[in-house]
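Containing TSV, C-alpha atoms and all ligand atoms: protein.tsv.
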```tsv
chain	number	residue	atom	x	y	z
A	1	MET	CA	-73.87	-24.55	86.01
A	2	THR	CA	-71.08	-26.92	87.08
A	3	ALA	CA	-69.99	-26.44	90.69
A	4	ARG	CA	-66.39	-25.37	91.05
A	5	CYS	CA	-63.69	-26.55	93.40
A	6	LEU	CA	-60.54	-24.62	94.25
A	7	VAL	CA	-57.41	-26.70	94.90
A	8	VAL	CA	-54.59	-24.93	96.75
A	9	ASP	CA	-51.19	-26.62	97.08
A	10	ASP	CA	-47.64	-25.51	96.36
A	11	ASP	CA	-46.72	-29.04	95.25
A	12	VAL	CA	-47.71	-29.06	91.62
A	13	GLN	CA	-47.98	-32.85	91.41
A	14	VAL	CA	-50.27	-33.12	94.41
A	15	ARG	CA	-52.31	-30.25	93.09
A	16	HIS	CA	-52.75	-31.79	89.65
A	17	ALA	CA	-53.60	-35.18	91.16
A	18	LEU	CA	-56.28	-33.61	93.35
A	19	ALA	CA	-57.62	-31.57	90.48
A	20	ARG	CA	-57.97	-34.76	88.42
A	21	VAL	CA	-59.92	-36.53	91.17
A	22	VAL	CA	-62.18	-33.54	91.66
A	23	ALA	CA	-62.71	-33.17	87.92
A	24	SER	CA	-63.59	-36.86	87.58
A	25	HIS	CA	-66.25	-36.08	90.15
A	26	GLY	CA	-67.89	-33.68	87.76
A	27	LEU	CA	-66.64	-30.48	89.36
A	28	ALA	CA	-64.81	-27.74	87.48
A	29	THR	CA	-61.45	-27.02	89.11
A	30	LEU	CA	-59.41	-23.93	89.82
A	31	GLU	CA	-55.82	-24.23	91.02
A	32	ALA	CA	-53.60	-22.00	93.12
A	33	SER	CA	-50.11	-22.58	94.51
A	34	SER	CA	-50.44	-20.47	97.65
A	35	GLY	CA	-53.00	-18.89	99.94
A	36	ALA	CA	-52.35	-15.46	98.47
A	37	GLU	CA	-52.81	-16.73	94.94
A	38	ALA	CA	-56.00	-18.53	95.99
A	39	LEU	CA	-57.48	-15.36	97.51
A	40	ALA	CA	-56.61	-13.37	94.39
A	41	LEU	CA	-58.25	-16.06	92.26
A	42	LEU	CA	-61.41	-16.02	94.40
A	43	GLN	CA	-61.57	-12.27	94.13
A	44	HIS	CA	-61.36	-12.55	90.37
A	45	GLU	CA	-63.56	-15.60	89.85
A	46	GLY	CA	-66.04	-15.15	92.69
A	47	GLU	CA	-66.91	-17.57	95.47
A	48	VAL	CA	-66.65	-21.32	94.92
A	49	PRO	CA	-68.66	-23.80	96.99
A	50	ILE	CA	-65.74	-26.02	97.92
A	51	CYS	CA	-62.00	-25.69	98.39
A	52	ILE	CA	-59.22	-28.14	99.26
A	53	SER	CA	-56.12	-26.50	100.72
A	54	ASP	CA	-52.73	-27.66	101.92
A	55	ILE	CA	-51.55	-26.30	105.27
A	56	TYR	CA	-47.83	-25.77	104.72
A	57	MET	CA	-47.19	-23.47	101.81
A	58	PRO	CA	-44.80	-20.59	101.27
A	59	GLU	CA	-46.01	-16.98	101.04
A	60	MET	CA	-49.32	-17.54	102.85
A	61	ASP	CA	-49.90	-20.78	104.78
A	62	GLY	CA	-53.14	-22.73	104.78
A	63	VAL	CA	-54.26	-21.62	108.24
A	64	THR	CA	-53.98	-17.93	107.33
A	65	PHE	CA	-55.71	-18.63	104.04
A	66	LEU	CA	-58.50	-20.52	105.83
A	67	ARG	CA	-59.08	-17.64	108.23
A	68	GLU	CA	-59.11	-15.04	105.49
A	69	ALA	CA	-61.21	-17.10	103.07
A	70	LEU	CA	-63.91	-17.79	105.68
A	71	ARG	CA	-63.98	-14.12	106.65
A	72	LEU	CA	-64.70	-13.22	103.03
A	73	TYR	CA	-66.77	-16.29	102.06
A	74	PRO	CA	-68.30	-17.77	105.22
A	75	ASP	CA	-70.31	-20.38	103.31
A	76	MET	CA	-67.33	-21.94	101.51
A	77	ALA	CA	-66.73	-25.58	102.46
A	78	ILE	CA	-62.98	-25.90	103.05
A	79	ILE	CA	-61.15	-29.21	103.45
A	80	MET	CA	-57.56	-29.04	104.73
A	81	LEU	CA	-54.73	-31.38	103.74
A	82	THR	CA	-52.49	-32.30	106.63
A	83	GLY	CA	-49.38	-34.34	107.24
A	84	VAL	CA	-49.52	-37.21	109.71
A	85	ALA	CA	-47.70	-35.12	112.35
A	86	GLU	CA	-50.02	-32.15	112.03
A	87	VAL	CA	-53.08	-33.36	113.91
A	88	ALA	CA	-52.99	-30.36	116.27
A	89	THR	CA	-52.99	-27.97	113.32
A	90	ALA	CA	-55.83	-29.93	111.74
A	91	VAL	CA	-57.87	-29.55	114.91
A	92	GLU	CA	-57.09	-25.83	114.94
A	93	CYS	CA	-58.38	-25.64	111.36
A	94	LEU	CA	-61.64	-27.35	112.33
A	95	GLN	CA	-62.03	-24.88	115.18
A	96	LEU	CA	-61.49	-22.04	112.74
A	97	GLY	CA	-64.32	-23.36	110.58
A	98	ALA	CA	-62.76	-25.82	108.14
A	99	LEU	CA	-65.35	-28.46	107.32
A	100	ASP	CA	-63.01	-31.43	107.32
A	101	TYR	CA	-59.41	-32.52	106.85
A	102	ILE	CA	-57.66	-35.23	104.90
A	103	SER	CA	-54.36	-36.73	106.07
A	104	LYS	CA	-51.53	-37.18	103.62
A	105	PRO	CA	-50.65	-39.45	101.95
A	106	MET	CA	-54.21	-39.40	100.73
A	107	LEU	CA	-56.25	-42.04	99.01
A	108	MET	CA	-58.10	-40.69	96.02
A	109	GLU	CA	-61.20	-42.64	97.02
A	110	GLU	CA	-61.12	-40.84	100.34
A	111	VAL	CA	-60.78	-37.45	98.67
A	112	ARG	CA	-63.84	-38.26	96.59
A	113	ALA	CA	-65.86	-39.30	99.63
A	114	ARG	CA	-64.83	-36.21	101.64
A	115	VAL	CA	-65.70	-33.86	98.78
A	116	ASP	CA	-69.13	-35.48	98.56
A	117	LYS	CA	-69.67	-35.16	102.28
A	118	ALA	CA	-68.50	-31.54	102.31
A	119	LEU	CA	-70.91	-30.58	99.55
A	120	GLU	CA	-73.78	-32.30	101.33
A	121	LYS	CA	-72.96	-30.58	104.61
A	122	ARG	CA	-72.77	-27.19	102.95
A	123	ASP	CA	-76.18	-27.71	101.37
A	124	LEU	CA	-77.66	-28.47	104.78
A	125	VAL	CA	-76.12	-25.39	106.34
A	126	LEU	CA	-77.55	-23.18	103.59
A	127	GLN	CA	-80.92	-24.89	103.82
A	128	ASN	CA	-81.04	-24.37	107.59
A	129	ARG	CA	-80.16	-20.73	107.28
A	130	PHE	CA	-82.89	-20.29	104.70
A	131	TYR	CA	-85.47	-21.83	107.03
A	132	GLN	CA	-84.23	-19.79	109.97
A	133	GLN	CA	-84.24	-16.46	108.17
A	134	ASN	CA	-87.57	-17.01	106.51
A	135	LEU	CA	-89.48	-18.81	109.21
A	136	GLU	CA	-91.28	-15.89	110.78
A	137	SER	CA	-92.27	-14.06	107.63
A	138	ARG	CA	-93.26	-17.27	105.85
A	139	LEU	CA	-95.41	-18.51	108.67
A	140	ARG	CA	-97.08	-15.10	109.13
A	141	GLU	CA	-98.42	-15.33	105.60
A	142	LEU	CA	-100.34	-18.45	106.35
A	143	ASP	CA	-103.98	-18.11	107.18
A	144	ARG	CA	-105.27	-19.58	110.40
A	145	LYS	CA	-107.71	-21.63	108.35
A	146	ASN	CA	-104.78	-23.45	106.82
A	147	LYS	CA	-103.71	-24.86	110.14
A	148	GLN	CA	-102.79	-28.20	108.61
A	149	SER	CA	-100.48	-26.54	106.09
A	150	LEU	CA	-98.91	-24.66	108.94
A	151	ILE	CA	-98.29	-27.84	110.85
A	152	ASN	CA	-96.76	-29.44	107.77
A	153	GLY	CA	-94.43	-26.46	107.38
A	154	VAL	CA	-93.40	-26.64	111.00
A	155	GLN	CA	-92.73	-30.34	110.70
A	156	MET	CA	-90.43	-29.58	107.81
A	157	LEU	CA	-88.53	-27.38	110.24
A	158	VAL	CA	-88.29	-30.27	112.63
A	159	HIS	CA	-86.65	-32.24	109.85
A	160	ALA	CA	-84.34	-29.31	109.11
A	161	LEU	CA	-83.41	-29.22	112.77
A	162	GLU	CA	-82.77	-32.94	112.80
A	163	ALA	CA	-80.61	-32.66	109.71
A	164	LYS	CA	-78.60	-30.00	111.51
A	165	ASP	CA	-78.31	-32.06	114.67
A	166	ALA	CA	-77.55	-35.58	113.47
A	167	TYR	CA	-77.54	-37.04	116.95
A	168	THR	CA	-81.18	-36.20	117.53
A	169	SER	CA	-82.44	-37.62	114.27
A	170	GLY	CA	-85.95	-38.96	114.92
A	171	HIS	CA	-85.89	-37.51	118.42
A	172	SER	CA	-88.86	-35.16	117.96
A	173	THR	CA	-91.06	-37.85	116.43
A	174	ARG	CA	-90.21	-40.39	119.12
A	175	VAL	CA	-90.80	-37.84	121.90
A	176	SER	CA	-94.15	-36.99	120.33
A	177	ARG	CA	-95.21	-40.65	120.16
A	178	TYR	CA	-94.07	-41.38	123.70
A	179	ALA	CA	-95.83	-38.26	124.96
A	180	VAL	CA	-99.14	-39.12	123.28
A	181	LYS	CA	-99.31	-42.65	124.68
A	182	THR	CA	-98.31	-41.37	128.11
A	183	ALA	CA	-100.93	-38.60	127.97
A	184	VAL	CA	-103.60	-41.13	126.98
A	185	GLN	CA	-102.80	-43.00	130.20
A	186	LEU	CA	-103.42	-39.75	132.07
A	187	GLY	CA	-106.81	-39.24	130.43
A	188	TYR	CA	-105.99	-36.87	127.58
A	189	THR	CA	-108.20	-37.03	124.49
A	190	GLY	CA	-109.24	-34.93	121.51
A	191	GLU	CA	-107.82	-31.47	120.94
A	192	GLN	CA	-105.72	-31.53	124.11
A	193	LEU	CA	-104.11	-34.80	123.04
A	194	GLU	CA	-103.50	-33.32	119.59
A	195	GLN	CA	-101.66	-30.43	121.21
A	196	VAL	CA	-99.51	-32.84	123.21
A	197	ARG	CA	-98.65	-34.59	119.94
A	198	LEU	CA	-97.67	-31.32	118.27
A	199	GLY	CA	-95.86	-30.06	121.37
A	200	GLY	CA	-93.75	-33.22	121.43
A	201	GLU	CA	-92.92	-32.78	117.77
A	202	LEU	CA	-91.95	-29.13	118.28
A	203	HIS	CA	-90.47	-29.10	121.76
A	204	ASP	CA	-86.88	-28.46	120.62
A	205	ILE	CA	-87.64	-26.28	117.60
A	206	GLY	CA	-85.77	-23.37	119.17
A	207	LYS	CA	-82.54	-25.32	118.57
A	208	ILE	CA	-82.78	-24.11	115.00
A	209	GLY	CA	-81.11	-21.03	116.51
A	210	THR	CA	-78.47	-22.97	118.46
A	211	ARG	CA	-74.97	-22.91	117.06
A	212	GLU	CA	-74.19	-26.16	115.27
A	213	ASP	CA	-70.74	-26.51	116.84
A	214	ILE	CA	-72.38	-26.46	120.28
A	215	LEU	CA	-75.20	-28.84	119.30
A	216	ASN	CA	-72.68	-31.39	118.07
A	217	LYS	CA	-69.93	-30.76	120.59
A	218	PRO	CA	-68.49	-34.10	121.72
A	219	GLY	CA	-67.13	-32.91	125.08
A	220	PRO	CA	-68.78	-31.27	128.10
A	221	LEU	CA	-70.21	-27.78	127.56
A	222	SER	CA	-68.76	-24.63	129.10
A	223	PRO	CA	-71.17	-22.53	131.22
A	224	GLU	CA	-71.52	-20.05	128.32
A	225	GLU	CA	-72.30	-22.85	125.85
A	226	PHE	CA	-74.86	-24.34	128.23
A	227	GLN	CA	-76.43	-20.91	128.62
A	228	HIS	CA	-76.62	-20.64	124.82
A	229	ILE	CA	-78.34	-24.06	124.52
A	230	LYS	CA	-80.81	-23.17	127.29
A	231	GLY	CA	-82.06	-20.35	125.09
A	232	HIS	CA	-83.79	-22.86	122.79
A	233	VAL	CA	-86.90	-23.07	124.99
A	234	SER	CA	-87.73	-19.37	124.97
A	235	LEU	CA	-86.67	-18.95	121.34
A	236	GLY	CA	-88.93	-21.87	120.37
A	237	GLU	CA	-91.84	-20.27	122.17
A	238	ARG	CA	-91.15	-16.91	120.53
A	239	ILE	CA	-90.99	-18.48	117.06
A	240	LEU	CA	-94.26	-20.34	117.48
A	241	ALA	CA	-96.30	-17.93	119.63
A	242	PRO	CA	-97.65	-15.77	116.79
A	243	PHE	CA	-99.00	-18.81	114.95
A	244	LEU	CA	-100.11	-21.09	117.71
A	245	SER	CA	-101.98	-18.66	119.95
A	246	GLU	CA	-104.89	-21.08	119.85
A	247	SER	CA	-102.69	-23.96	120.96
A	248	PRO	CA	-101.46	-22.84	124.39
A	249	ILE	CA	-100.53	-26.38	125.43
A	250	VAL	CA	-98.02	-26.59	122.57
A	251	LEU	CA	-96.41	-23.32	123.64
A	252	ARG	CA	-96.28	-24.40	127.28
A	253	ILE	CA	-94.57	-27.66	126.31
A	254	VAL	CA	-92.01	-25.82	124.19
A	255	ARG	CA	-91.22	-23.33	126.96
A	256	SER	CA	-91.34	-25.56	130.03
A	257	HIS	CA	-90.10	-29.03	129.02
A	258	HIS	CA	-86.80	-28.46	130.86
A	259	GLU	CA	-88.37	-27.46	134.18
A	260	ARG	CA	-87.76	-29.78	137.14
A	261	LEU	CA	-90.18	-30.65	139.90
A	262	ASP	CA	-87.72	-29.39	142.53
A	263	GLY	CA	-87.40	-25.99	140.87
A	264	GLY	CA	-83.91	-26.63	139.50
A	265	GLY	CA	-84.92	-26.49	135.83
A	266	PHE	CA	-85.11	-23.71	133.28
A	267	PRO	CA	-86.10	-21.20	131.98
A	268	ASP	CA	-88.40	-20.17	134.89
A	269	GLY	CA	-87.35	-22.46	137.75
A	270	LEU	CA	-91.00	-23.49	138.20
A	271	ARG	CA	-91.79	-26.02	140.93
A	272	GLY	CA	-94.17	-28.95	141.18
A	273	GLU	CA	-97.69	-28.24	140.05
A	274	ASP	CA	-96.71	-24.79	138.76
A	275	ILE	CA	-95.11	-26.61	135.83
A	276	PRO	CA	-97.71	-27.10	133.08
A	277	PRO	CA	-98.83	-30.77	133.29
A	278	GLU	CA	-98.12	-31.46	129.60
A	279	ALA	CA	-94.56	-30.13	130.03
A	280	ARG	CA	-94.13	-32.56	132.94
A	281	ILE	CA	-95.06	-35.40	130.59
A	282	VAL	CA	-92.69	-34.27	127.85
A	283	ALA	CA	-89.87	-33.80	130.39
A	284	VAL	CA	-90.08	-37.51	131.22
A	285	VAL	CA	-90.24	-38.85	127.68
A	286	ASP	CA	-87.66	-36.35	126.39
A	287	ALA	CA	-85.22	-37.55	129.05
A	288	PHE	CA	-85.96	-41.18	128.25
A	289	ASP	CA	-85.32	-40.70	124.55
A	290	ALA	CA	-82.19	-38.63	125.19
A	291	MET	CA	-80.81	-41.40	127.42
A	292	THR	CA	-81.58	-44.22	124.99
A	293	THR	CA	-80.06	-42.65	121.88
A	294	ASN	CA	-76.47	-41.73	121.12
A	295	ARG	CA	-75.52	-38.10	121.62
A	296	ALA	CA	-72.43	-36.17	120.54
A	297	TYR	CA	-71.10	-36.25	124.08
A	298	ARG	CA	-71.96	-39.82	125.17
A	299	PRO	CA	-73.23	-43.21	123.93
A	300	SER	CA	-76.75	-44.39	124.69
A	301	ARG	CA	-77.86	-46.21	127.83
A	302	THR	CA	-80.01	-49.33	127.79
A	303	PRO	CA	-83.78	-48.79	128.06
A	304	ALA	CA	-83.83	-50.71	131.36
A	305	ASP	CA	-81.12	-48.44	132.70
A	306	ALA	CA	-83.01	-45.35	131.52
A	307	VAL	CA	-86.22	-46.59	133.18
A	308	GLU	CA	-84.26	-47.05	136.38
A	309	GLU	CA	-83.02	-43.46	136.11
A	310	LEU	CA	-86.57	-42.13	135.57
A	311	ARG	CA	-87.70	-43.97	138.70
A	312	ARG	CA	-84.72	-42.71	140.68
A	313	CYS	CA	-85.42	-39.10	139.72
A	314	ALA	CA	-89.20	-39.26	140.12
A	315	GLY	CA	-90.16	-36.70	142.74
A	316	THR	CA	-87.06	-34.53	142.32
A	317	HIS	CA	-86.67	-34.08	138.59
A	318	PHE	CA	-89.76	-35.79	137.22
A	319	TYR	CA	-93.46	-35.78	138.08
A	320	PRO	CA	-94.06	-39.30	139.48
A	321	PRO	CA	-97.52	-39.81	137.89
A	322	ALA	CA	-96.02	-38.98	134.49
A	323	VAL	CA	-93.21	-41.52	135.03
A	324	ASP	CA	-95.79	-44.14	136.07
A	325	ALA	CA	-98.01	-43.35	133.09
A	326	PHE	CA	-95.05	-43.66	130.71
A	327	LEU	CA	-94.11	-47.03	132.21
A	328	ARG	CA	-97.72	-48.23	131.93
A	329	ALA	CA	-97.89	-47.08	128.31
A	330	PHE	CA	-94.63	-48.85	127.44
A	331	SER	CA	-94.61	-51.76	129.82
A	332	ASP	CA	-92.49	-53.94	127.50
A	333	VAL	CA	-89.06	-52.32	127.95
A	334	SER	CA	-87.52	-54.75	125.47
A	335	ALA	CA	-89.55	-53.07	122.67
A	336	LEU	CA	-87.89	-49.70	123.39
A	337	PRO	CA	-86.76	-47.37	122.01
A	338	ILE	CA	-89.66	-47.44	119.54
A	339	SER	CA	-88.61	-47.61	115.93
A	340	LEU	CA	-89.95	-45.07	113.48
B	1	FE	FE	-85.07	-29.35	124.79
```

Could you spell out this file's structure in structure tokens?
Ligand SMILES: [Fe+2]
Amino acid sequence: MTARCLVVDDDVQVRHALARVVASHGLATLEASSGAEALALLQHEGEVPICISDIYMPEMDGVTFLREALRLYPDMAIIMLTGVAEVATAVECLQLGALDYISKPMLMEEVRARVDKALEKRDLVLQNRFYQQNLESRLRELDRKNKQSLINGVQMLVHALEAKDAYTSGHSTRVSRYAVKTAVQLGYTGEQLEQVRLGGELHDIGKIGTREDILNKPGPLSPEEFQHIKGHVSLGERILAPFLSESPIVLRIVRSHHERLDGGGFPDGLRGEDIPPEARIVAVVDAFDAMTTNRAYRPSRTPADAVEELRRCAGTHFYPPAVDAFLRAFSDVSALPISL
């Protein structure tokens, strides 16, 4: 079935022009000249995956329409059209849940690109929700004998998480590789090393339950938002515990990778040697990778700078032998961050 796009604008010429672009993109189009008409149309025709709406319209303006439409159809991808002077309103729309906005006068090429992006984003959101809702029941069905299949499934979740959180793309894999080489330096082998590998891969899996707007927030987090993010360690452990009862190291890494040597970490405020040793390793390499990759709220630091920071915080935040082992394992700083 052809996907449908709803175009809402009181200016008939703009509306037709948009409808043509969208149609040339292979989407069927519906048109409405006001928010009220658009809502009536949706009620009649059913939900559409994507909608482009003007902000200033008589009868019901775009902001009211946006609010109402998302209340009724939370999965609809809505792109707002704004005038040059309406940046504040555009930002308000994004906060209300619009996926994107296009400034007028618009370039048709841009409209095409934004529609593409919006559809892609919507697919990811739906995919993530599917994984989230089905994770526990799906994993429960798997037999313990099929451990490898289980691990494959969980790795798929890692990819789903990374698709949701663009700034940490590749993060889990890099953390896993750093952790393994560091653990080797500390004498880990065999099954224990395997658990460190898996723990690195899964350490942030609980972020599958973190709100996307907080994960990708460009500015500093409010105390409530930080509290929400902190929940990823215990949620991750809860998600994995029923299936990885024979891999306690993995669970300890997931729960305790944000603990600090001085007791200032979370979720348990553990100190020093009370922190599971494998979590102390992952804390170091997780911090290194976070520092050397771009995040929503800041650009990356150089590897040399990050190494300096690890050294500076050894003994307070990080376990010094783990920092030393990491630096022995990756002595050539110019080769970092590792490429995947
Ligand atoms: Fe984390």

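With distances restricted to all atoms listed in the file, A:Glu259 is the closest residue to ligand FE 1 (chain B) from A:Glu259, A:Asp305, A:Asp268, A:Glu212.
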
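Nearest residue to ligand FE 1 (chain B) among A:Leu161, A:Leu70, A:Ile205, A:Leu41 is A:Ile205, counting all atoms listed in the file.
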
**Message:** Show me, as a list in words, the residues that have an atom within 12 Å of Tyr56 (chain A) when counting all atoms listed in the file, minus same-chain residues fewer than 2 positions from it.
**Reply:** Val8, Asp9, Asp10, Asp11, Ser33, Ser34, Gly35, Ser53, Asp54, Pro58, Glu59, Met60, Asp61, Gly62, Val63, Thr64, Phe65, Leu66, Met80, Leu81, Thr82, Gly83, Glu86, Thr89 and Ala90 of chain A

List all protein, DNA and RNA residues that have any atom at most 7 Å from ligand FE 1 (chain B), counting only C-alpha atoms and all ligand atoms, and write the list as a short mmCIF file (atom, residue, chain, number, x, y, z; two decimals) with C-alpha atoms, in the frame of the given file.
```cif
data_model
loop_
_atom_site.label_atom_id
_atom_site.label_comp_id
_atom_site.auth_asym_id
_atom_site.auth_seq_id
_atom_site.Cartn_x
_atom_site.Cartn_y
_atom_site.Cartn_z
CA HIS A 203 -90.47 -29.10 121.76
CA ASP A 204 -86.88 -28.46 120.62
CA HIS A 232 -83.79 -22.86 122.79
CA VAL A 233 -86.90 -23.07 124.99
CA HIS A 257 -90.10 -29.03 129.02
CA HIS A 258 -86.80 -28.46 130.86
#
```

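Between CA of Gly272 (chain A) and CA of Arg252 (chain A) lies a distance of 14.8 Å.
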
I'd like the box whose edges run along x, y and z of the file and which contains every listed atom of region 298-316 of chain A, padded by 3 Å per side; could you state its centre and edge lengths in Å, one decimal, as lines of an AutoDock Vina configuration file?
```
center_x = -81.1
center_y = -42.6
center_z = 133.3
size_x = 24.2
size_y = 22.2
size_z = 24.8
```

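Taking CA of Lys164 (chain A) as the reference point, CA of Lys217 (chain A) is found at 12.6 Å.
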
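Across A:Ala290, A:Leu215, A:Leu135, A:Val254, the tightest approach to Pro267 (chain A) is made by A:Val254 when counting all atoms listed in the file.
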
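The list of residues with at least one atom within 12 Å of Gly26 (chain A), based on only C-alpha atoms and without residues fewer than 4 positions apart in the same chain, reads Met1, Thr2, Ala3, Arg4, Cys5, Ala19, Arg20, Val21, Val22, Arg112, Val115 and Asp116 of chain A.
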
Residues just named, written with C-alpha atoms as a PDB file, in the coordinates of the input:
```
ATOM      1  CA  MET A   1     -73.870 -24.550  86.010  1.00  0.00           C
ATOM      2  CA  THR A   2     -71.080 -26.920  87.080  1.00  0.00           C
ATOM      3  CA  ALA A   3     -69.990 -26.440  90.690  1.00  0.00           C
ATOM      4  CA  ARG A   4     -66.390 -25.370  91.050  1.00  0.00           C
ATOM      5  CA  CYS A   5     -63.690 -26.550  93.400  1.00  0.00           C
ATOM      6  CA  ALA A  19     -57.620 -31.570  90.480  1.00  0.00           C
ATOM      7  CA  ARG A  20     -57.970 -34.760  88.420  1.00  0.00           C
ATOM      8  CA  VAL A  21     -59.920 -36.530  91.170  1.00  0.00           C
ATOM      9  CA  VAL A  22     -62.180 -33.540  91.660  1.00  0.00           C
ATOM     10  CA  ARG A 112     -63.840 -38.260  96.590  1.00  0.00           C
ATOM     11  CA  VAL A 115     -65.700 -33.860  98.780  1.00  0.00           C
ATOM     12  CA  ASP A 116     -69.130 -35.480  98.560  1.00  0.00           C
TER      13      ASP A 116
END
```

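Comparing A:Thr302, A:Thr182, A:Pro242, A:Arg255 by their smallest distance to Leu139 (chain A), the closest is A:Pro242 (using all atoms listed in the file).
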
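Nearest residue to Ala287 (chain A), choosing from A:Leu198, A:Met76, A:Leu150, A:Val175 and counting all atoms listed in the file: A:Val175.
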